[in-house]
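File shown: input12.csv (CSV, C-alpha atoms).
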```
chain,number,residue,atom,x,y,z
J,152,MET,CA,0.0,0.0,0.0
J,153,THR,CA,1.4,3.4,-1.0
J,154,ALA,CA,0.9,6.9,0.3
J,155,GLU,CA,-1.5,7.5,-2.6
J,156,ASP,CA,-3.7,4.6,-1.3
J,157,LEU,CA,-4.3,6.4,1.9
J,158,SER,CA,-4.4,10.0,0.7
J,159,VAL,CA,-7.0,12.2,2.4
J,160,PRO,CA,-7.3,15.7,0.8
J,161,ALA,CA,-8.0,18.6,3.2
J,162,ALA,CA,-11.7,19.6,3.3
J,163,GLU,CA,-11.1,23.0,1.8
J,164,LEU,CA,-9.2,21.8,-1.2
J,165,MET,CA,-10.8,21.1,-4.6
J,166,ILE,CA,-8.8,18.7,-6.8
J,167,VAL,CA,-9.4,17.4,-10.4
J,168,GLY,CA,-7.7,14.4,-11.8
J,169,HIS,CA,-7.9,11.6,-14.4
J,170,TYR,CA,-6.5,8.1,-14.0
J,171,ASP,CA,-6.1,5.0,-16.2
J,172,LYS,CA,-5.4,2.3,-13.7
J,173,GLY,CA,-4.6,-1.4,-14.1
J,174,ALA,CA,-4.9,-4.5,-11.9
J,175,GLY,CA,-3.7,-3.9,-8.3
J,176,TYR,CA,-4.8,-0.3,-8.1
J,177,ALA,CA,-6.8,0.5,-4.9
J,178,THR,CA,-7.4,3.6,-2.7
J,179,ARG,CA,-8.6,3.1,0.9
J,180,ARG,CA,-9.6,5.8,3.4
J,181,PRO,CA,-10.6,4.2,6.7
J,182,GLY,CA,-11.7,7.5,8.2
J,183,GLY,CA,-13.4,8.7,5.0
J,184,SER,CA,-12.6,12.0,3.3
J,185,PRO,CA,-13.6,15.4,4.6
J,186,SER,CA,-14.5,16.3,1.0
J,187,TRP,CA,-16.9,14.7,-1.4
J,188,LEU,CA,-15.6,12.6,-4.3
J,189,LEU,CA,-17.0,12.3,-7.8
J,190,LEU,CA,-16.0,9.4,-10.1
J,191,TRP,CA,-16.9,9.2,-13.8
J,192,THR,CA,-16.0,6.0,-15.5
J,193,GLU,CA,-14.9,6.3,-19.2
J,194,SER,CA,-14.0,2.7,-19.7
J,195,GLY,CA,-13.2,-0.5,-17.9
J,196,ALA,CA,-14.6,-1.0,-14.4
J,197,GLY,CA,-14.1,-0.3,-10.7
J,198,ILE,CA,-15.5,-1.5,-7.4
J,199,VAL,CA,-16.5,1.1,-4.9
J,200,GLU,CA,-17.2,0.4,-1.2
J,201,GLN,CA,-18.4,3.0,1.3
J,202,GLY,CA,-20.5,2.9,4.4
J,203,GLY,CA,-21.4,-0.8,4.1
J,204,VAL,CA,-22.5,-0.3,0.4
J,205,SER,CA,-20.6,-2.0,-2.4
J,206,PHE,CA,-21.2,-1.5,-6.1
J,207,ARG,CA,-19.5,-1.8,-9.5
J,208,VAL,CA,-19.1,1.1,-11.9
J,209,GLU,CA,-18.6,0.7,-15.6
J,210,ALA,CA,-18.4,3.0,-18.7
J,211,GLY,CA,-21.1,5.7,-18.4
J,212,ASP,CA,-21.6,5.4,-14.6
J,213,LEU,CA,-21.3,8.4,-12.3
J,214,ALA,CA,-20.6,7.8,-8.6
J,215,VAL,CA,-20.7,10.6,-6.0
J,216,LEU,CA,-19.5,9.8,-2.5
J,217,GLY,CA,-20.3,11.8,0.5
J,218,SER,CA,-17.8,12.9,3.1
J,219,GLY,CA,-16.9,11.4,6.4
J,220,VAL,CA,-17.5,7.7,5.6
J,221,ALA,CA,-14.9,5.0,5.3
J,222,GLN,CA,-14.3,4.3,1.6
J,223,HIS,CA,-12.4,1.9,-0.6
J,224,TYR,CA,-12.3,1.8,-4.4
J,225,ARG,CA,-10.2,-0.5,-6.7
J,226,VAL,CA,-9.9,-2.2,-10.0
J,227,PRO,CA,-11.7,-5.6,-9.7
J,228,ALA,CA,-10.1,-8.8,-10.7
J,229,GLY,CA,-10.6,-9.5,-14.3
J,230,ALA,CA,-11.5,-6.0,-15.2
J,231,GLY,CA,-8.2,-5.2,-16.9
J,232,ARG,CA,-8.3,-1.4,-16.5
J,233,TRP,CA,-10.3,1.4,-15.0
J,234,ARG,CA,-10.2,4.7,-16.8
J,235,PHE,CA,-11.9,7.5,-14.8
J,236,TRP,CA,-12.1,11.2,-14.0
J,237,TRP,CA,-12.3,12.2,-10.3
J,238,VAL,CA,-12.9,15.4,-8.4
J,239,HIS,CA,-12.7,16.2,-4.7
J,240,PHE,CA,-15.1,19.0,-3.9
J,241,GLN,CA,-17.6,20.5,-1.5
J,242,PRO,CA,-21.1,20.4,-3.2
J,243,ARG,CA,-23.4,23.3,-3.8
J,244,ALA,CA,-26.6,23.1,-1.8
J,245,ALA,CA,-28.8,22.9,-5.0
J,246,TRP,CA,-27.1,19.6,-6.0
J,247,ALA,CA,-28.9,17.6,-3.4
J,248,ALA,CA,-32.1,17.9,-5.5
J,249,TRP,CA,-30.4,16.1,-8.4
J,250,LEU,CA,-28.4,13.6,-6.4
J,251,GLY,CA,-31.1,12.6,-3.8
J,252,PRO,CA,-33.0,10.2,-6.1
J,253,HIS,CA,-29.8,8.3,-6.9
J,254,ALA,CA,-28.8,7.7,-3.3
J,255,VAL,CA,-28.0,4.0,-2.5
J,256,GLY,CA,-27.0,4.3,1.1
J,257,GLY,CA,-23.7,4.9,2.9
J,258,GLY,CA,-23.5,8.4,1.6
J,259,CYS,CA,-23.2,7.1,-1.9
J,260,HIS,CA,-25.1,8.2,-5.1
J,261,VAL,CA,-24.9,6.2,-8.3
J,262,VAL,CA,-26.2,7.5,-11.6
J,263,ALA,CA,-25.9,4.4,-13.7
J,264,GLY,CA,-26.1,4.0,-17.4
J,265,VAL,CA,-25.8,7.6,-18.5
J,266,PRO,CA,-26.7,7.6,-22.2
J,267,GLU,CA,-23.8,7.6,-24.6
J,268,VAL,CA,-25.1,10.7,-26.4
J,269,VAL,CA,-23.9,12.9,-23.5
J,270,HIS,CA,-20.6,11.2,-22.9
J,271,GLU,CA,-18.6,13.5,-25.1
J,272,ARG,CA,-20.0,16.6,-23.5
J,273,ILE,CA,-19.3,15.2,-20.1
J,274,GLY,CA,-15.7,14.4,-21.1
J,275,LEU,CA,-15.2,18.0,-22.4
J,276,ALA,CA,-16.6,19.4,-19.1
J,277,PHE,CA,-13.9,17.5,-17.2
J,278,LEU,CA,-11.2,18.6,-19.5
J,279,ARG,CA,-12.3,22.2,-19.1
J,280,ALA,CA,-12.3,21.7,-15.3
J,281,LEU,CA,-8.7,20.4,-15.4
J,282,GLN,CA,-7.6,23.5,-17.4
J,283,ASP,CA,-9.6,26.0,-15.3
J,284,ALA,CA,-8.3,24.6,-12.0
J,285,ARG,CA,-5.0,26.2,-12.7
J,286,TRP,CA,-6.3,29.5,-14.0
J,287,THR,CA,-5.8,32.9,-12.2
J,288,PRO,CA,-7.5,36.2,-13.1
J,289,ASP,CA,-4.2,37.7,-14.2
J,290,ALA,CA,-3.5,35.0,-16.7
J,291,PRO,CA,-5.0,34.4,-20.2
J,292,LEU,CA,-8.1,32.3,-20.2
J,293,PRO,CA,-7.2,28.7,-21.2
J,294,ALA,CA,-8.4,27.6,-24.6
J,295,GLY,CA,-11.4,25.4,-24.2
J,296,PRO,CA,-11.0,21.7,-25.2
J,297,ALA,CA,-12.2,20.9,-28.7
J,298,ALA,CA,-14.7,18.1,-29.3
J,299,SER,CA,-13.0,15.0,-30.6
J,300,GLY,CA,-15.8,13.9,-32.8
J,301,THR,CA,-15.4,10.4,-31.5
J,302,GLY,CA,-17.6,10.5,-28.4
J,303,ARG,CA,-14.5,10.1,-26.3
J,304,ALA,CA,-13.5,13.6,-25.5
J,305,GLY,CA,-12.2,12.8,-22.1
J,306,SER,CA,-9.7,10.3,-23.5
J,307,GLU,CA,-8.8,11.6,-26.9
J,308,ALA,CA,-9.1,15.4,-26.9
J,309,GLY,CA,-6.9,15.7,-23.8
J,310,ARG,CA,-4.1,13.8,-25.3
J,311,GLY,CA,-3.5,16.4,-27.9
J,312,GLY,CA,-4.1,19.4,-25.7
J,313,SER,CA,-2.2,21.1,-22.9
J,314,GLU,CA,-3.2,18.6,-20.2
J,315,ARG,CA,-1.1,15.7,-21.4
J,316,ALA,CA,-0.6,12.6,-19.4
J,317,GLY,CA,2.1,12.7,-16.8
J,318,GLY,CA,3.7,9.4,-17.9
J,319,ARG,CA,2.7,6.0,-16.4
J,320,ASP,CA,1.7,5.2,-12.8
J,321,GLY,CA,4.0,2.2,-12.1
J,322,ARG,CA,1.2,-0.2,-12.8
J,323,GLY,CA,1.0,0.5,-16.5
J,324,GLY,CA,-1.6,3.2,-16.2
J,325,GLU,CA,-1.7,6.6,-17.8
J,326,VAL,CA,-2.0,9.6,-15.4
J,327,ARG,CA,-2.7,13.2,-16.1
J,328,VAL,CA,-1.2,15.4,-13.4
J,329,PRO,CA,-4.0,16.3,-10.9
J,330,ALA,CA,-4.8,20.0,-10.5
J,331,VAL,CA,-5.4,21.6,-7.2
J,332,VAL,CA,-7.8,24.5,-7.8
J,333,SER,CA,-5.8,27.7,-7.5
J,334,GLY,CA,-8.2,30.3,-6.3
J,335,GLY,CA,-11.8,31.6,-5.8
J,336,ALA,CA,-12.4,32.4,-9.5
J,337,ALA,CA,-11.0,29.0,-10.6
J,338,ARG,CA,-13.1,27.3,-8.0
J,339,GLU,CA,-16.3,28.7,-9.4
J,340,LEU,CA,-15.3,27.7,-12.9
J,341,VAL,CA,-14.5,24.1,-11.8
J,342,LEU,CA,-17.7,23.9,-9.8
J,343,GLY,CA,-19.6,25.1,-12.9
J,344,ALA,CA,-18.1,22.2,-14.9
J,345,VAL,CA,-18.9,19.7,-12.2
J,346,GLU,CA,-22.5,21.0,-12.0
J,347,GLU,CA,-22.7,20.6,-15.8
J,348,VAL,CA,-21.7,16.9,-15.4
J,349,LEU,CA,-24.3,16.4,-12.7
J,350,VAL,CA,-27.1,18.0,-14.6
J,351,LEU,CA,-26.3,16.0,-17.8
J,352,ALA,CA,-26.0,12.7,-16.0
J,353,THR,CA,-29.0,13.0,-13.6
J,354,ALA,CA,-31.3,14.5,-16.3
J,355,THR,CA,-30.7,11.7,-18.8
J,356,ALA,CA,-30.6,8.7,-16.4
J,357,ARG,CA,-33.4,7.5,-14.1
J,358,PRO,CA,-32.9,5.7,-10.8
J,359,GLU,CA,-33.9,2.0,-11.2
J,360,GLY,CA,-36.7,0.4,-9.2
J,361,ARG,CA,-38.3,3.6,-7.9
J,362,GLY,CA,-41.7,5.0,-8.6
J,363,GLU,CA,-41.8,8.2,-10.6
J,364,GLU,CA,-44.3,9.9,-8.3
J,365,GLY,CA,-42.3,9.3,-5.1
J,366,ASP,CA,-39.1,10.5,-6.7
J,367,GLU,CA,-40.7,13.7,-7.9
J,368,ARG,CA,-42.0,14.5,-4.4
J,369,VAL,CA,-38.6,14.0,-2.9
J,370,ARG,CA,-37.0,16.1,-5.7
J,371,ARG,CA,-39.5,18.9,-4.9
J,372,ALA,CA,-38.6,18.8,-1.2
J,373,LEU,CA,-34.9,18.8,-2.0
J,374,SER,CA,-35.4,21.8,-4.3
J,375,ILE,CA,-37.3,23.7,-1.6
J,376,ILE,CA,-34.5,23.0,0.9
J,377,ALA,CA,-31.8,24.1,-1.6
J,378,ALA,CA,-33.6,27.2,-2.6
J,379,GLU,CA,-33.8,28.5,1.0
J,380,PRO,CA,-31.5,26.5,3.3
J,381,GLY,CA,-31.9,29.1,6.1
J,382,ALA,CA,-35.7,29.0,6.2
J,383,PRO,CA,-37.4,27.4,9.2
J,384,HIS,CA,-37.9,24.0,7.6
J,385,SER,CA,-39.5,21.1,9.5
J,386,VAL,CA,-40.7,17.6,8.5
J,387,ALA,CA,-44.2,18.9,8.8
J,388,SER,CA,-43.7,22.0,6.6
J,389,LEU,CA,-41.8,20.0,3.9
J,390,ALA,CA,-44.5,17.3,3.9
J,391,ARG,CA,-47.2,19.9,3.4
J,392,ALA,CA,-45.3,21.4,0.5
J,393,VAL,CA,-45.4,18.1,-1.3
J,394,ALA,CA,-48.9,17.0,-0.2
J,395,LEU,CA,-47.9,14.1,2.0
J,396,SER,CA,-48.4,13.2,5.6
J,397,PRO,CA,-45.3,13.8,7.7
J,398,SER,CA,-44.7,10.1,8.4
J,399,ARG,CA,-45.2,9.1,4.7
J,400,PHE,CA,-42.9,11.9,3.6
J,401,ALA,CA,-40.2,11.0,6.1
J,402,HIS,CA,-40.3,7.4,4.9
J,403,LEU,CA,-40.1,8.3,1.2
J,404,PHE,CA,-37.4,10.8,1.7
J,405,ALA,CA,-35.2,8.4,3.7
J,406,GLU,CA,-35.7,5.7,1.2
J,407,ALA,CA,-34.7,7.9,-1.7
J,408,THR,CA,-31.8,9.8,-0.2
J,409,GLY,CA,-30.5,7.7,2.7
J,410,GLN,CA,-30.9,10.5,5.2
J,411,THR,CA,-33.7,12.1,7.1
J,412,PRO,CA,-35.3,15.4,6.0
J,413,MET,CA,-33.7,17.3,8.8
J,414,GLN,CA,-30.3,15.8,8.1
J,415,ALA,CA,-30.7,17.1,4.6
J,416,VAL,CA,-31.7,20.5,5.9
J,417,ARG,CA,-28.7,20.6,8.2
J,418,ARG,CA,-26.3,19.7,5.5
J,419,ALA,CA,-27.8,22.2,3.1
J,420,ARG,CA,-27.4,24.9,5.8
J,421,VAL,CA,-23.8,23.9,6.4
J,422,ARG,CA,-22.9,24.0,2.7
J,423,HIS,CA,-24.6,27.4,2.3
J,424,ALA,CA,-22.6,28.6,5.3
J,425,ALA,CA,-19.4,27.3,3.7
J,426,SER,CA,-20.1,29.3,0.6
J,427,LEU,CA,-20.6,32.5,2.7
J,428,LEU,CA,-17.4,31.9,4.5
J,429,GLU,CA,-15.6,31.5,1.1
J,430,VAL,CA,-17.0,34.6,-0.7
J,431,THR,CA,-18.0,37.1,2.0
J,432,ASP,CA,-16.4,38.8,5.0
J,433,MET,CA,-19.5,38.1,7.3
J,434,ASP,CA,-18.4,37.1,10.8
J,435,VAL,CA,-19.3,33.6,12.1
J,436,GLY,CA,-22.4,34.8,13.9
J,437,GLN,CA,-23.8,36.5,10.9
J,438,VAL,CA,-23.1,33.4,8.7
J,439,ALA,CA,-24.8,31.2,11.3
J,440,ALA,CA,-27.9,33.4,11.3
J,441,ALA,CA,-28.0,33.7,7.5
J,442,SER,CA,-27.8,29.9,7.2
J,443,GLY,CA,-30.6,29.1,9.6
J,444,PHE,CA,-28.7,28.1,12.8
J,445,VAL,CA,-30.1,29.2,16.1
J,446,SER,CA,-26.7,30.1,17.6
J,447,PRO,CA,-23.0,30.3,16.6
J,448,PHE,CA,-22.4,27.4,18.9
J,449,HIS,CA,-24.8,25.0,17.2
J,450,PHE,CA,-23.5,26.2,13.8
J,451,SER,CA,-19.9,25.6,14.7
J,452,ARG,CA,-20.7,22.1,16.0
J,453,ALA,CA,-22.6,21.2,12.8
J,454,PHE,CA,-19.9,22.7,10.6
J,455,ARG,CA,-17.2,20.8,12.3
J,456,LYS,CA,-19.1,17.6,11.9
J,457,GLU,CA,-19.5,18.1,8.2
J,458,TYR,CA,-16.1,19.6,7.3
J,459,GLY,CA,-13.8,18.3,10.1
J,460,LEU,CA,-12.8,21.8,11.3
J,461,PRO,CA,-14.4,24.9,12.8
J,462,PRO,CA,-15.8,27.7,10.6
J,463,ARG,CA,-13.0,30.1,11.4
J,464,ASP,CA,-10.3,27.6,10.6
J,465,TYR,CA,-12.0,26.6,7.4
J,466,ARG,CA,-12.0,30.3,6.3
J,467,ALA,CA,-8.4,30.8,7.4
J,468,ARG,CA,-7.1,27.8,5.6
J,469,LEU,CA,-9.2,28.6,2.4
J,470,ARG,CA,-8.2,32.2,2.0
J,471,PRO,CA,-4.6,31.6,0.9
J,472,PHE,CA,-6.1,29.7,-2.1
J,473,THR,CA,-8.6,32.4,-3.0
J,474,GLY,CA,-6.4,35.4,-3.4
```
Can I see the file as structure tokens?
Amino acid sequence: MTAEDLSVPAAELMIVGHYDKGAGYATRRPGGSPSWLLLWTESGAGIVEQGGVSFRVEAGDLAVLGSGVAQHYRVPAGAGRWRFWWVHFQPRAAWAAWLGPHAVGGGCHVVAGVPEVVHERIGLAFLRALQDARWTPDAPLPAGPAASGTGRAGSEAGRGGSERAGGRDGRGGEVRVPAVVSGGAARELVLGAVEEVLVLATATARPEGRGEEGDERVRRALSIIAAEPGAPHSVASLARAVALSPSRFAHLFAEATGQTPMQAVRRARVRHAASLLEVTDMDVGQVAAASGFVSPFHFSRAFRKEYGLPPRDYRARLRPFTG
């Protein structure tokens, strides 16, 4: 096991990378990661385990892993290779509405079988994210990646562009050098690319084995939470908004998302607060109030649980990367 196998990025860092890994590759984080992780499989296959849930991903599958849960992902025996894009990030609050219906437990979301018609655009979005990650406002804008015309933008267009592979990984795999997002402007550009990937994947694929009516009600509730995370939401108020009894709503919500309605509210509030810490000079008390927390104490406790450090430390560690 190498240092890479146990790497745990800091919560405030956003990192974009692309791997082409062979047999023997594995990454294990017994304590989980303080950041979320997105995995988009271009070809081959991987096995992902997190929070007691295990699943296989193949070409056209998108996996999004929540923070703070032990995780292990690897190339399965007989798969040959696993070629995939990955991004460590902190999600925007609105993304919960798109990911919720694809929850499979353990903090995992799987959007399986994304139609091939959108694969090229998804690949281009990742290439753009890799370029934008290194951009600073005083530098020329990077030239956007060109479409390959083959439906494999992520694998072909990048080989001829500025983000060339950084050699081989010691197991025969091709590696592009991962990019740590360099600043606030670059962060927003990369988040925009990640958001494009999520929209394309979730809009074109439907969770299997779930009724359309139930999914739509959960989506509406998640949209309400994301639109106003600081509002005085309760199980009863959200249930009324989607015309369900509180008990029925709570059951459907937990089944679809793997969390209770109030856990979703708390997470949305914390993520909204993180955005305010990143882009405003509001003090912690003001951020707490604007995000729906009853006191700075309760806010700090919830924030630390989600991000692994207090709000002030999060801002202090992030600001050197946002200059």
Inset, instruction - In Å, rounded to a single decimal, give me how far atom CA of Gly219 of chain J is from atom CA of Ser451 of chain J. - result: 16.7 Å
Using all atoms listed in the file, which residues sit within 9 Å of Gln222 of chain J once same-chain residues fewer than 5 positions away are excluded, as a PDB file with C-alpha atoms, in the frame of the given file?
```
ATOM      1  CA  THR J 178      -7.400   3.600  -2.700  1.00  0.00           C
ATOM      2  CA  ARG J 179      -8.600   3.100   0.900  1.00  0.00           C
ATOM      3  CA  ARG J 180      -9.600   5.800   3.400  1.00  0.00           C
ATOM      4  CA  PRO J 181     -10.600   4.200   6.700  1.00  0.00           C
ATOM      5  CA  GLY J 182     -11.700   7.500   8.200  1.00  0.00           C
ATOM      6  CA  GLY J 183     -13.400   8.700   5.000  1.00  0.00           C
ATOM      7  CA  SER J 184     -12.600  12.000   3.300  1.00  0.00           C
ATOM      8  CA  VAL J 199     -16.500   1.100  -4.900  1.00  0.00           C
ATOM      9  CA  GLU J 200     -17.200   0.400  -1.200  1.00  0.00           C
ATOM     10  CA  GLN J 201     -18.400   3.000   1.300  1.00  0.00           C
ATOM     11  CA  GLY J 202     -20.500   2.900   4.400  1.00  0.00           C
ATOM     12  CA  LEU J 216     -19.500   9.800  -2.500  1.00  0.00           C
TER      13      LEU J 216
END
```
Inset, instruction - Grab the atom CA of Ala378 of chain J to atom CA of Gly443 of chain J distance for me, in Å with one decimal place. - result: 12.7 Å
Which residues of segment 222-274 of chain J come within 12 Å of segment 409-424 of chain J, and what is each one's closest atom pair and distance in Å (one decimal), counting all atoms listed in the file, sorted by chain and residue number, as a tab-separated table?
```
residue	atom	partner	partner_atom	distance
J:Phe240	CA	J:Arg422	CA	11.4
J:Gln241	CA	J:Arg422	CA	7.6
J:Pro242	CA	J:Arg422	CA	7.1
J:Arg243	CA	J:Arg422	CA	6.6
J:Ala244	CA	J:Ala419	CA	5.1
J:Ala245	CA	J:Ala419	CA	8.2
J:Trp246	CA	J:Ala419	CA	9.5
J:Ala247	CA	J:Ala419	CA	8.0
J:Ala248	CA	J:Ala415	CA	10.2
J:Leu250	CA	J:Gly409	CA	11.0
J:Gly251	CA	J:Gly409	CA	8.2
J:Pro252	CA	J:Gly409	CA	9.5
J:His253	CA	J:Gly409	CA	9.6
J:Ala254	CA	J:Gly409	CA	6.2
J:Val255	CA	J:Gly409	CA	6.9
J:Gly256	CA	J:Gly409	CA	5.1
J:Gly257	CA	J:Gly409	CA	7.4
J:Gly258	CA	J:Gly409	CA	7.1
J:Cys259	CA	J:Gly409	CA	8.6
J:His260	CA	J:Gly409	CA	9.5
```
Inset, instruction - Extract, using all atoms listed in the file, all DNA, RNA and protein residues at most 6 Å from Leu213 of chain J, discarding same-chain residues fewer than 5 positions from it, and format them as a ChimeraX atom specification. - result: /J:190-191,261-262
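Put simply, atom CA of Leu281 of chain J is 21.2 Å away from atom CA of Pro185 of chain J.
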Inset, instruction - Using all atoms listed in the file, find the one residue out of J:Lys456, J:Pro462, J:Thr287, J:Tyr170 that sits nearest to Ser426 of chain J. - result: J:Pro462
Write out as CSV a residue-level contact list of segment 155-225 of chain J versus segment 326-339 of chain J with cut-off 6 Å: for each qualifying residue the closest pair of atoms and the distance in Å to one decimal, counting only C-alpha atoms, rows sorted by chain and residue number upward.
```
residue,atom,partner,partner_atom,distance
J:Met165,CA,J:Val332,CA,5.5
J:Ile166,CA,J:Val331,CA,4.5
J:Val167,CA,J:Ala330,CA,5.3
J:Gly168,CA,J:Pro329,CA,4.3
J:His169,CA,J:Arg327,CA,5.7
J:Tyr170,CA,J:Val326,CA,4.9
```
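The nearest approach to Leu349 of chain J among the residues J:Arg399, J:Arg466, J:Arg225, J:Arg272, with only C-alpha atoms taken into account, belongs to J:Arg272.
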